[in-house]
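So this block is target18.pdb, PDB, C-alpha atoms:
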ATOM      1  CA  ALA W   1     132.908   2.674  80.415
ATOM      2  CA  GLN W   2     131.310   0.647  83.127
ATOM      3  CA  THR W   3     129.780   2.508  86.053
ATOM      4  CA  VAL W   4     128.138   1.436  89.293
ATOM      5  CA  THR W   5     125.624   3.593  91.145
ATOM      6  CA  GLN W   6     124.442   3.212  94.729
ATOM      7  CA  SER W   7     121.777   5.839  95.330
ATOM      8  CA  GLN W   8     121.364   5.280  99.076
ATOM      9  CA  PRO W   9     124.252   6.829 101.040
ATOM     10  CA  GLU W  10     122.760   5.594 104.326
ATOM     11  CA  MET W  11     120.180   3.063 105.389
ATOM     12  CA  SER W  12     118.990   1.901 108.773
ATOM     13  CA  VAL W  13     117.162  -1.185 109.951
ATOM     14  CA  GLN W  14     115.998  -2.604 113.221
ATOM     15  CA  GLU W  15     117.483  -5.843 114.447
ATOM     16  CA  ALA W  16     115.634  -8.901 113.041
ATOM     17  CA  GLU W  17     114.032  -6.857 110.271
ATOM     18  CA  THR W  18     114.751  -6.939 106.533
ATOM     19  CA  VAL W  19     116.509  -4.251 104.522
ATOM     20  CA  THR W  20     117.229  -3.880 100.808
ATOM     21  CA  LEU W  21     120.204  -1.994  99.400
ATOM     22  CA  SER W  22     119.998  -0.762  95.821
ATOM     23  CA  CYS W  23     122.570  -0.878  93.053
ATOM     24  CA  THR W  24     122.437  -0.121  89.346
ATOM     25  CA  TYR W  25     125.208  -0.448  86.818
ATOM     26  CA  ASP W  26     125.926   0.357  83.236
ATOM     27  CA  THR W  27     127.816  -1.841  80.817
ATOM     28  CA  SER W  28     127.770  -2.969  77.217
ATOM     29  CA  GLU W  29     129.271  -6.340  78.121
ATOM     30  CA  SER W  30     127.145  -9.472  78.229
ATOM     31  CA  ASP W  31     129.397 -11.618  80.412
ATOM     32  CA  TYR W  32     130.348 -10.204  83.770
ATOM     33  CA  TYR W  33     130.054 -10.719  87.489
ATOM     34  CA  LEU W  34     128.499  -8.639  90.205
ATOM     35  CA  PHE W  35     129.496  -8.615  93.849
ATOM     36  CA  TRP W  36     128.424  -7.142  97.139
ATOM     37  CA  TYR W  37     131.271  -6.450  99.540
ATOM     38  CA  LYS W  38     130.990  -5.486 103.217
ATOM     39  CA  GLN W  39     133.485  -3.146 104.888
ATOM     40  CA  PRO W  40     133.033  -2.964 108.675
ATOM     41  CA  PRO W  41     134.466   0.101 110.448
ATOM     42  CA  SER W  42     138.282  -0.050 110.450
ATOM     43  CA  ARG W  43     138.225  -3.575 109.133
ATOM     44  CA  GLN W  44     138.964  -5.095 105.790
ATOM     45  CA  MET W  45     136.559  -5.690 102.977
ATOM     46  CA  ILE W  46     134.934  -9.103 102.712
ATOM     47  CA  LEU W  47     132.758 -10.667 100.063
ATOM     48  CA  VAL W  48     129.075 -11.015 100.917
ATOM     49  CA  ILE W  49     127.629 -12.502  97.750
ATOM     50  CA  ARG W  50     128.339 -12.867  94.035
ATOM     51  CA  GLN W  51     126.143 -13.176  90.927
ATOM     52  CA  GLU W  52     127.118 -14.396  87.484
ATOM     53  CA  ALA W  53     125.382 -12.389  84.768
ATOM     54  CA  TYR W  54     124.614 -15.460  82.678
ATOM     55  CA  LYS W  55     122.667 -17.054  85.523
ATOM     56  CA  GLN W  56     119.013 -16.119  85.782
ATOM     57  CA  GLN W  57     118.665 -17.547  89.277
ATOM     58  CA  ASN W  58     119.295 -15.021  92.044
ATOM     59  CA  ALA W  59     122.197 -15.829  94.344
ATOM     60  CA  THR W  60     121.558 -16.580  98.026
ATOM     61  CA  GLU W  61     123.986 -16.900 100.933
ATOM     62  CA  ASN W  62     122.239 -17.585 104.236
ATOM     63  CA  ARG W  63     120.505 -14.326 105.254
ATOM     64  CA  PHE W  64     121.777 -12.481 102.165
ATOM     65  CA  SER W  65     120.115 -12.635  98.772
ATOM     66  CA  VAL W  66     120.115 -10.568  95.611
ATOM     67  CA  ASN W  67     117.494  -9.433  93.148
ATOM     68  CA  PHE W  68     119.319  -9.429  89.819
ATOM     69  CA  GLN W  69     117.463  -7.801  86.935
ATOM     70  CA  LYS W  70     119.822  -7.991  83.954
ATOM     71  CA  ALA W  71     117.688  -6.043  81.497
ATOM     72  CA  ALA W  72     117.222  -3.236  84.000
ATOM     73  CA  LYS W  73     120.897  -3.487  85.071
ATOM     74  CA  SER W  74     119.824  -3.639  88.678
ATOM     75  CA  PHE W  75     121.435  -5.685  91.460
ATOM     76  CA  SER W  76     119.932  -5.144  94.901
ATOM     77  CA  LEU W  77     120.977  -6.845  98.140
ATOM     78  CA  LYS W  78     118.424  -8.053 100.661
ATOM     79  CA  ILE W  79     119.511  -8.726 104.223
ATOM     80  CA  SER W  80     116.991 -10.734 106.215
ATOM     81  CA  ASP W  81     116.877 -11.060 109.998
ATOM     82  CA  SER W  82     119.349  -8.181 110.356
ATOM     83  CA  GLN W  83     121.931  -8.483 113.104
ATOM     84  CA  LEU W  84     124.016  -5.853 114.896
ATOM     85  CA  GLY W  85     127.094  -7.285 113.203
ATOM     86  CA  ASP W  86     125.659  -6.403 109.788
ATOM     87  CA  ALA W  87     126.379  -2.729 110.446
ATOM     88  CA  ALA W  88     128.989  -1.677 107.884
ATOM     89  CA  MET W  89     129.576   0.002 104.549
ATOM     90  CA  TYR W  90     128.253  -2.116 101.711
ATOM     91  CA  PHE W  91     129.726  -1.769  98.249
ATOM     92  CA  CYS W  92     128.253  -3.050  95.037
ATOM     93  CA  ALA W  93     130.901  -3.961  92.462
ATOM     94  CA  TYR W  94     131.014  -4.946  88.807
ATOM     95  CA  LYS W  95     133.825  -7.162  87.601
ATOM     96  CA  THR W  96     135.446  -8.233  84.396
ATOM     97  CA  ASP W  97     139.181  -8.147  85.135
ATOM     98  CA  LYS W  98     139.093  -5.493  87.830
ATOM     99  CA  LEU W  99     136.416  -4.418  90.267
ATOM    100  CA  ILE W 100     134.457  -1.215  89.699
ATOM    101  CA  PHE W 101     132.799  -0.117  92.911
ATOM    102  CA  GLY W 102     129.853   2.069  93.728
ATOM    103  CA  THR W 103     130.127   4.796  96.350
ATOM    104  CA  GLY W 104     128.704   2.583  99.061
ATOM    105  CA  THR W 105     125.751   2.476 101.430
ATOM    106  CA  ARG W 106     126.303   2.832 105.158
ATOM    107  CA  LEU W 107     123.999   0.431 106.985
ATOM    108  CA  GLN W 108     123.090   1.084 110.602
ATOM    109  CA  VAL W 109     121.387  -1.622 112.642
ATOM    110  CA  PHE W 110     119.416  -0.596 115.704
ATOM    111  CA  PRO W 111     118.570  -2.956 118.577
TER     112      PRO W 111
ATOM    113  CA  ASP N   1     149.409 -17.211 105.969
ATOM    114  CA  THR N   2     145.671 -16.913 106.013
ATOM    115  CA  GLY N   3     145.108 -13.671 104.146
ATOM    116  CA  VAL N   4     146.452 -10.647 102.321
ATOM    117  CA  SER N   5     148.791  -8.536 104.407
ATOM    118  CA  GLN N   6     149.886  -4.942 103.904
ATOM    119  CA  ASP N   7     152.669  -2.961 105.478
ATOM    120  CA  PRO N   8     152.669  -0.401 106.954
ATOM    121  CA  ARG N   9     149.111  -0.026 108.186
ATOM    122  CA  HIS N  10     149.516   3.707 108.641
ATOM    123  CA  LYS N  11     151.928   6.194 107.111
ATOM    124  CA  ILE N  12     152.205   9.903 107.811
ATOM    125  CA  THR N  13     154.531  11.858 105.574
ATOM    126  CA  LYS N  14     155.271  15.393 104.566
ATOM    127  CA  ARG N  15     154.410  16.723 101.145
ATOM    128  CA  GLY N  16     157.179  16.069  98.673
ATOM    129  CA  GLN N  17     158.479  12.915 100.342
ATOM    130  CA  ASN N  18     158.502   9.473  98.736
ATOM    131  CA  VAL N  19     156.630   6.564 100.277
ATOM    132  CA  THR N  20     156.540   2.846  99.530
ATOM    133  CA  PHE N  21     153.892   0.328 100.528
ATOM    134  CA  ARG N  22     154.117  -3.431 100.454
ATOM    135  CA  CYS N  23     151.473  -6.060  99.810
ATOM    136  CA  ASP N  24     151.830  -9.782 100.396
ATOM    137  CA  PRO N  25     149.043 -11.694  98.638
ATOM    138  CA  ILE N  26     147.656 -15.109  99.486
ATOM    139  CA  SER N  27     150.484 -17.390  98.460
ATOM    140  CA  GLU N  28     148.931 -19.295  95.561
ATOM    141  CA  HIS N  29     147.165 -16.273  94.062
ATOM    142  CA  ASN N  30     148.601 -15.159  90.745
ATOM    143  CA  ARG N  31     146.662 -11.904  90.423
ATOM    144  CA  LEU N  32     147.331  -8.876  92.586
ATOM    145  CA  TYR N  33     145.397  -5.595  92.515
ATOM    146  CA  TRP N  34     145.923  -2.130  93.964
ATOM    147  CA  TYR N  35     143.003   0.175  94.736
ATOM    148  CA  ARG N  36     142.735   3.602  96.337
ATOM    149  CA  GLN N  37     139.874   4.565  98.631
ATOM    150  CA  THR N  38     139.224   8.127  99.750
ATOM    151  CA  LEU N  39     136.877   9.026 102.580
ATOM    152  CA  GLY N  40     133.251   8.363 101.762
ATOM    153  CA  GLN N  41     134.016   6.763  98.420
ATOM    154  CA  GLY N  42     134.295   3.276  97.050
ATOM    155  CA  PRO N  43     137.696   1.871  96.140
ATOM    156  CA  GLU N  44     139.074   2.951  92.756
ATOM    157  CA  PHE N  45     141.200   0.646  90.663
ATOM    158  CA  LEU N  46     144.840   1.633  90.216
ATOM    159  CA  THR N  47     146.644  -1.318  88.642
ATOM    160  CA  TYR N  48     146.909  -5.084  88.589
ATOM    161  CA  PHE N  49     149.446  -7.821  87.989
ATOM    162  CA  GLN N  50     149.229 -11.332  86.740
ATOM    163  CA  ASN N  51     152.300 -13.032  88.150
ATOM    164  CA  GLU N  52     155.064 -10.450  87.589
ATOM    165  CA  ALA N  53     153.456  -8.758  84.576
ATOM    166  CA  GLN N  54     151.634  -5.466  85.096
ATOM    167  CA  LEU N  55     148.618  -5.861  82.816
ATOM    168  CA  GLU N  56     146.654  -2.670  83.311
ATOM    169  CA  LYS N  57     147.145   0.759  84.825
ATOM    170  CA  SER N  58     144.397   3.274  85.521
ATOM    171  CA  ARG N  59     144.754   6.842  84.344
ATOM    172  CA  LEU N  60     144.572   7.627  88.074
ATOM    173  CA  LEU N  61     148.082   6.232  88.290
ATOM    174  CA  SER N  62     150.096   9.332  87.457
ATOM    175  CA  ASP N  63     153.798   9.182  86.623
ATOM    176  CA  ARG N  64     154.523   9.743  90.333
ATOM    177  CA  PHE N  65     153.127   6.294  91.065
ATOM    178  CA  SER N  66     154.919   3.074  90.270
ATOM    179  CA  ALA N  67     154.074  -0.492  91.175
ATOM    180  CA  GLU N  68     156.146  -3.629  90.912
ATOM    181  CA  ARG N  69     155.761  -7.315  91.534
ATOM    182  CA  PRO N  70     159.283  -8.506  90.792
ATOM    183  CA  LYS N  71     158.986 -12.235  91.433
ATOM    184  CA  GLY N  72     155.275 -12.653  91.095
ATOM    185  CA  SER N  73     154.812 -12.776  94.846
ATOM    186  CA  PHE N  74     154.724  -9.574  96.920
ATOM    187  CA  SER N  75     154.139  -6.169  95.354
ATOM    188  CA  THR N  76     155.238  -2.650  96.163
ATOM    189  CA  LEU N  77     153.507   0.627  95.382
ATOM    190  CA  GLU N  78     155.712   3.725  95.451
ATOM    191  CA  ILE N  79     154.496   7.300  95.394
ATOM    192  CA  GLN N  80     157.109   9.911  94.626
ATOM    193  CA  ARG N  81     156.859  13.566  95.599
ATOM    194  CA  THR N  82     153.678  13.011  97.582
ATOM    195  CA  GLU N  83     150.884  15.584  97.440
ATOM    196  CA  GLN N  84     148.068  16.210  99.897
ATOM    197  CA  GLY N  85     145.646  14.759  97.365
ATOM    198  CA  ASP N  86     147.414  11.411  97.699
ATOM    199  CA  SER N  87     145.994  11.029 101.219
ATOM    200  CA  ALA N  88     143.818   7.930 101.071
ATOM    201  CA  MET N  89     143.566   4.281 102.021
ATOM    202  CA  TYR N  90     145.558   2.090  99.631
ATOM    203  CA  LEU N  91     144.065  -1.373  99.356
ATOM    204  CA  CYS N  92     145.656  -4.483  97.949
ATOM    205  CA  ALA N  93     143.701  -7.530  96.828
ATOM    206  CA  SER N  94     144.620 -10.880  95.344
ATOM    207  CA  SER N  95     142.784 -13.588  93.466
ATOM    208  CA  LEU N  96     143.381 -16.969  91.951
ATOM    209  CA  SER N  97     143.394 -17.675  88.255
ATOM    210  CA  LEU N  98     141.854 -15.811  85.365
ATOM    211  CA  ALA N  99     138.225 -16.586  86.023
ATOM    212  CA  ALA N 100     136.260 -13.392  86.523
ATOM    213  CA  ARG N 101     134.078 -15.127  89.054
ATOM    214  CA  ASN N 102     136.977 -15.558  91.408
ATOM    215  CA  GLU N 103     136.712 -13.517  94.531
ATOM    216  CA  GLN N 104     139.278 -10.857  95.249
ATOM    217  CA  PHE N 105     140.524 -11.068  98.827
ATOM    218  CA  PHE N 106     141.390  -7.722 100.318
ATOM    219  CA  GLY N 107     144.098  -6.737 102.755
ATOM    220  CA  PRO N 108     143.563  -4.330 105.661
ATOM    221  CA  GLY N 109     144.940  -1.391 103.676
ATOM    222  CA  THR N 110     147.610   1.239 104.242
ATOM    223  CA  ARG N 111     146.261   4.596 105.337
ATOM    224  CA  LEU N 112     148.411   7.416 103.966
ATOM    225  CA  THR N 113     148.253  10.918 105.386
ATOM    226  CA  VAL N 114     150.220  13.622 103.585
ATOM    227  CA  LEU N 115     150.748  16.757 105.662
TER     228      LEU N 115
END
What does the file become when written as structure tokens?
Amino acid sequence: AQTVTQSQPEMSVQEAETVTLSCTYDTSESDYYLFWYKQPPSRQMILVIRQEAYKQQNATENRFSVNFQKAAKSFSLKISDSQLGDAAMYFCAYKTDKLIFGTGTRLQVFP
Amino acid sequence: DTGVSQDPRHKITKRGQNVTFRCDPISEHNRLYWYRQTLGQGPEFLTYFQNEAQLEKSRLLSDRFSAERPKGSFSTLEIQRTEQGDSAMYLCASSLSLAARNEQFFGPGTRLTVL
């Protein structure tokens, strides 16, 4: 069975600084997708970034980038130039048909 | 229609009562998913539909839970004889096509409290 582990329940960062959120997963599949979703307080979940497992190049979306290490089954999210609006729960997710989520990392951003 | 909608947003019920939630996906999306999220946890998969066919159900979905998507558009999730352990946020998501890369768009959720 596939599992997703986020070992950092909480992280904090100062505005304009960089923070990295960790995620590891376990699967025997070779073709899959990985996602980072953001869930702001009392608001709905939105996609931050996605990575196809067959692609070696790390995905980048503006200030968000990933470090995808397929052999190590690691998929970390780097947020550069952190903003107050980045404060939220961040969930790492593995997907074939359905999404399998980690337990989340709560990110606090301080001015 | 710009997103996934869910109704109601909040539901408080007494133990033993039945409740039904509705999800309206993005109109052209043929896949619809239900997840459950308890406090401090990530969402857990419950079931999903492709058009009107229910393709997979999690073992979390006990026989008190039933989901339908009768015309391949909106879906309902019914919980019979609710228990306090059913208290959670119930999330609906939809996506287009079969491609695994396709993003699932989430609704705002229905928060269920069982007293």
Residues matched by the PyMOL selection byres ((chain W and resi 41-47) around 10), written as a ChimeraX atom specification: /W:35-40,48-50,87-91 /N:4,91,93,103-109
Give me a file of those residues, with C-alpha atoms, as a short mmCIF file (atom, residue, chain, number, x, y, z; two decimals), in the coordinates of the input.
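Writing done, so here's again-v8.cif:
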data_model
loop_
_atom_site.label_atom_id
_atom_site.label_comp_id
_atom_site.auth_asym_id
_atom_site.auth_seq_id
_atom_site.Cartn_x
_atom_site.Cartn_y
_atom_site.Cartn_z
CA PHE W 35 129.50 -8.62 93.85
CA TRP W 36 128.42 -7.14 97.14
CA TYR W 37 131.27 -6.45 99.54
CA LYS W 38 130.99 -5.49 103.22
CA GLN W 39 133.49 -3.15 104.89
CA PRO W 40 133.03 -2.96 108.68
CA VAL W 48 129.07 -11.02 100.92
CA ILE W 49 127.63 -12.50 97.75
CA ARG W 50 128.34 -12.87 94.04
CA ALA W 87 126.38 -2.73 110.45
CA ALA W 88 128.99 -1.68 107.88
CA MET W 89 129.58 0.00 104.55
CA TYR W 90 128.25 -2.12 101.71
CA PHE W 91 129.73 -1.77 98.25
CA VAL N 4 146.45 -10.65 102.32
CA LEU N 91 144.06 -1.37 99.36
CA ALA N 93 143.70 -7.53 96.83
CA GLU N 103 136.71 -13.52 94.53
CA GLN N 104 139.28 -10.86 95.25
CA PHE N 105 140.52 -11.07 98.83
CA PHE N 106 141.39 -7.72 100.32
CA GLY N 107 144.10 -6.74 102.76
CA PRO N 108 143.56 -4.33 105.66
CA GLY N 109 144.94 -1.39 103.68
#
Given only C-alpha atoms as the counted atoms, nearest of W:Leu99, W:Val66, W:Cys23, W:Ala1 to W:Ile79: W:Val66
What are the residues of chain N lining chain W at 7 Å or less? Count all atoms listed in the file, and put the answer as an NGL selection string. :N and (41-45 or 100-101 or 106-108)
Env of N:Thr82: 6 Å cut, atoms = all atoms listed in the file, seq-sep filter 6 positions within chain, self excluded. Answer as a VMD selection string. chain N and resid 15 to 17
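Those residues returned by the PyMOL selection byres ((chain W and resi 55-57) around 9) for this file are Gln51, Glu52, Ala53, Tyr54, Asn58, Ala59, Phe68, Gln69 and Lys70 of chain W.
What separates atom CA of N:Gln84 from atom CA of N:Val114 is a distance of 5.0 Å.
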Can you give me, as an mmCIF file with C-alpha atoms, in the frame of the given file, the residues this file yields under the PyMOL selection byres ((chain N and resi 110) around 6)?
data_model
loop_
_atom_site.group_PDB
_atom_site.id
_atom_site.type_symbol
_atom_site.label_atom_id
_atom_site.label_comp_id
_atom_site.auth_asym_id
_atom_site.auth_seq_id
_atom_site.Cartn_x
_atom_site.Cartn_y
_atom_site.Cartn_z
ATOM 1 C CA PRO N 8 152.669 -0.401 106.954
ATOM 2 C CA ARG N 9 149.111 -0.026 108.186
ATOM 3 C CA HIS N 10 149.516 3.707 108.641
ATOM 4 C CA MET N 89 143.566 4.281 102.021
ATOM 5 C CA TYR N 90 145.558 2.090 99.631
ATOM 6 C CA GLY N 109 144.940 -1.391 103.676
ATOM 7 C CA ARG N 111 146.261 4.596 105.337
#
Shell of 9 Å around N:Leu77, only C-alpha atoms, local chain residues under 3 positions omitted, as a PyMOL selection string: chain N and resi 19-23+34+65-68
Enter the distance from atom CA of N:Tyr35 to atom CA of W:Ser30, in Å, rounded to one decimal.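 Taking atom CA of N:Tyr35 and atom CA of W:Ser30, their separation equals 24.8 Å.
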Enumerate, as a list in words, the protein, DNA and RNA residues whose atoms approach (153.5, 11.3, 95.2) to within 7 Å, taking into account all atoms listed in the file and the coordinate frame of the file.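 Nearby residues: Gly16, Asn18, Arg64, Phe65, Ile79, Gln80, Arg81, Thr82, Glu83 and Asp86 of chain N.
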Residue subset to file, keeping C-alpha atoms, as an mmCIF file, keeping the file's coordinate frame:
data_model
loop_
_atom_site.group_PDB
_atom_site.id
_atom_site.type_symbol
_atom_site.label_atom_id
_atom_site.label_comp_id
_atom_site.auth_asym_id
_atom_site.auth_seq_id
_atom_site.Cartn_x
_atom_site.Cartn_y
_atom_site.Cartn_z
ATOM 1 C CA GLY N 16 157.179 16.069 98.673
ATOM 2 C CA ASN N 18 158.502 9.473 98.736
ATOM 3 C CA ARG N 64 154.523 9.743 90.333
ATOM 4 C CA PHE N 65 153.127 6.294 91.065
ATOM 5 C CA ILE N 79 154.496 7.300 95.394
ATOM 6 C CA GLN N 80 157.109 9.911 94.626
ATOM 7 C CA ARG N 81 156.859 13.566 95.599
ATOM 8 C CA THR N 82 153.678 13.011 97.582
ATOM 9 C CA GLU N 83 150.884 15.584 97.440
ATOM 10 C CA ASP N 86 147.414 11.411 97.699
#
N:Leu32, N:Ala88, N:Leu115, N:Ile26 ranked by distance to N:Phe49, top pick (using all atoms listed in the file):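 Selected residue with least distance to N:Phe49: N:Leu32.
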Enter the distance from atom CA of W:Glu17 to atom CA of W:Ser82, in Å, rounded to one decimal. 5.5 Å
Enclose the full set of atoms of stretch 76-95 of chain W listed in the file within a box whose edges lie along x, y and z, apply 4 Å of padding to each of the six sides, and report centre and edge lengths in Å to one decimal as AutoDock Vina command-line options.
--center_x 125.4 --center_y -5.5 --center_z 101.2 --size_x 24.9 --size_y 19.1 --size_z 35.3
Go through W:Asn62, W:Val109, W:Lys78, W:Tyr25 one by one, measure the shortest atom-to-atom distance of each to W:Gln6 using all atoms listed in the file, and give the residue with the smallest value.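 Of W:Asn62, W:Val109, W:Lys78, W:Tyr25, the one nearest W:Gln6, counting all atoms listed in the file, is W:Tyr25.
For the set W:Gly85, W:Tyr94, W:Glu29, W:Leu77, the residue with the smallest atom-to-atom gap to W:Val4 is W:Tyr94, counting all atoms listed in the file.
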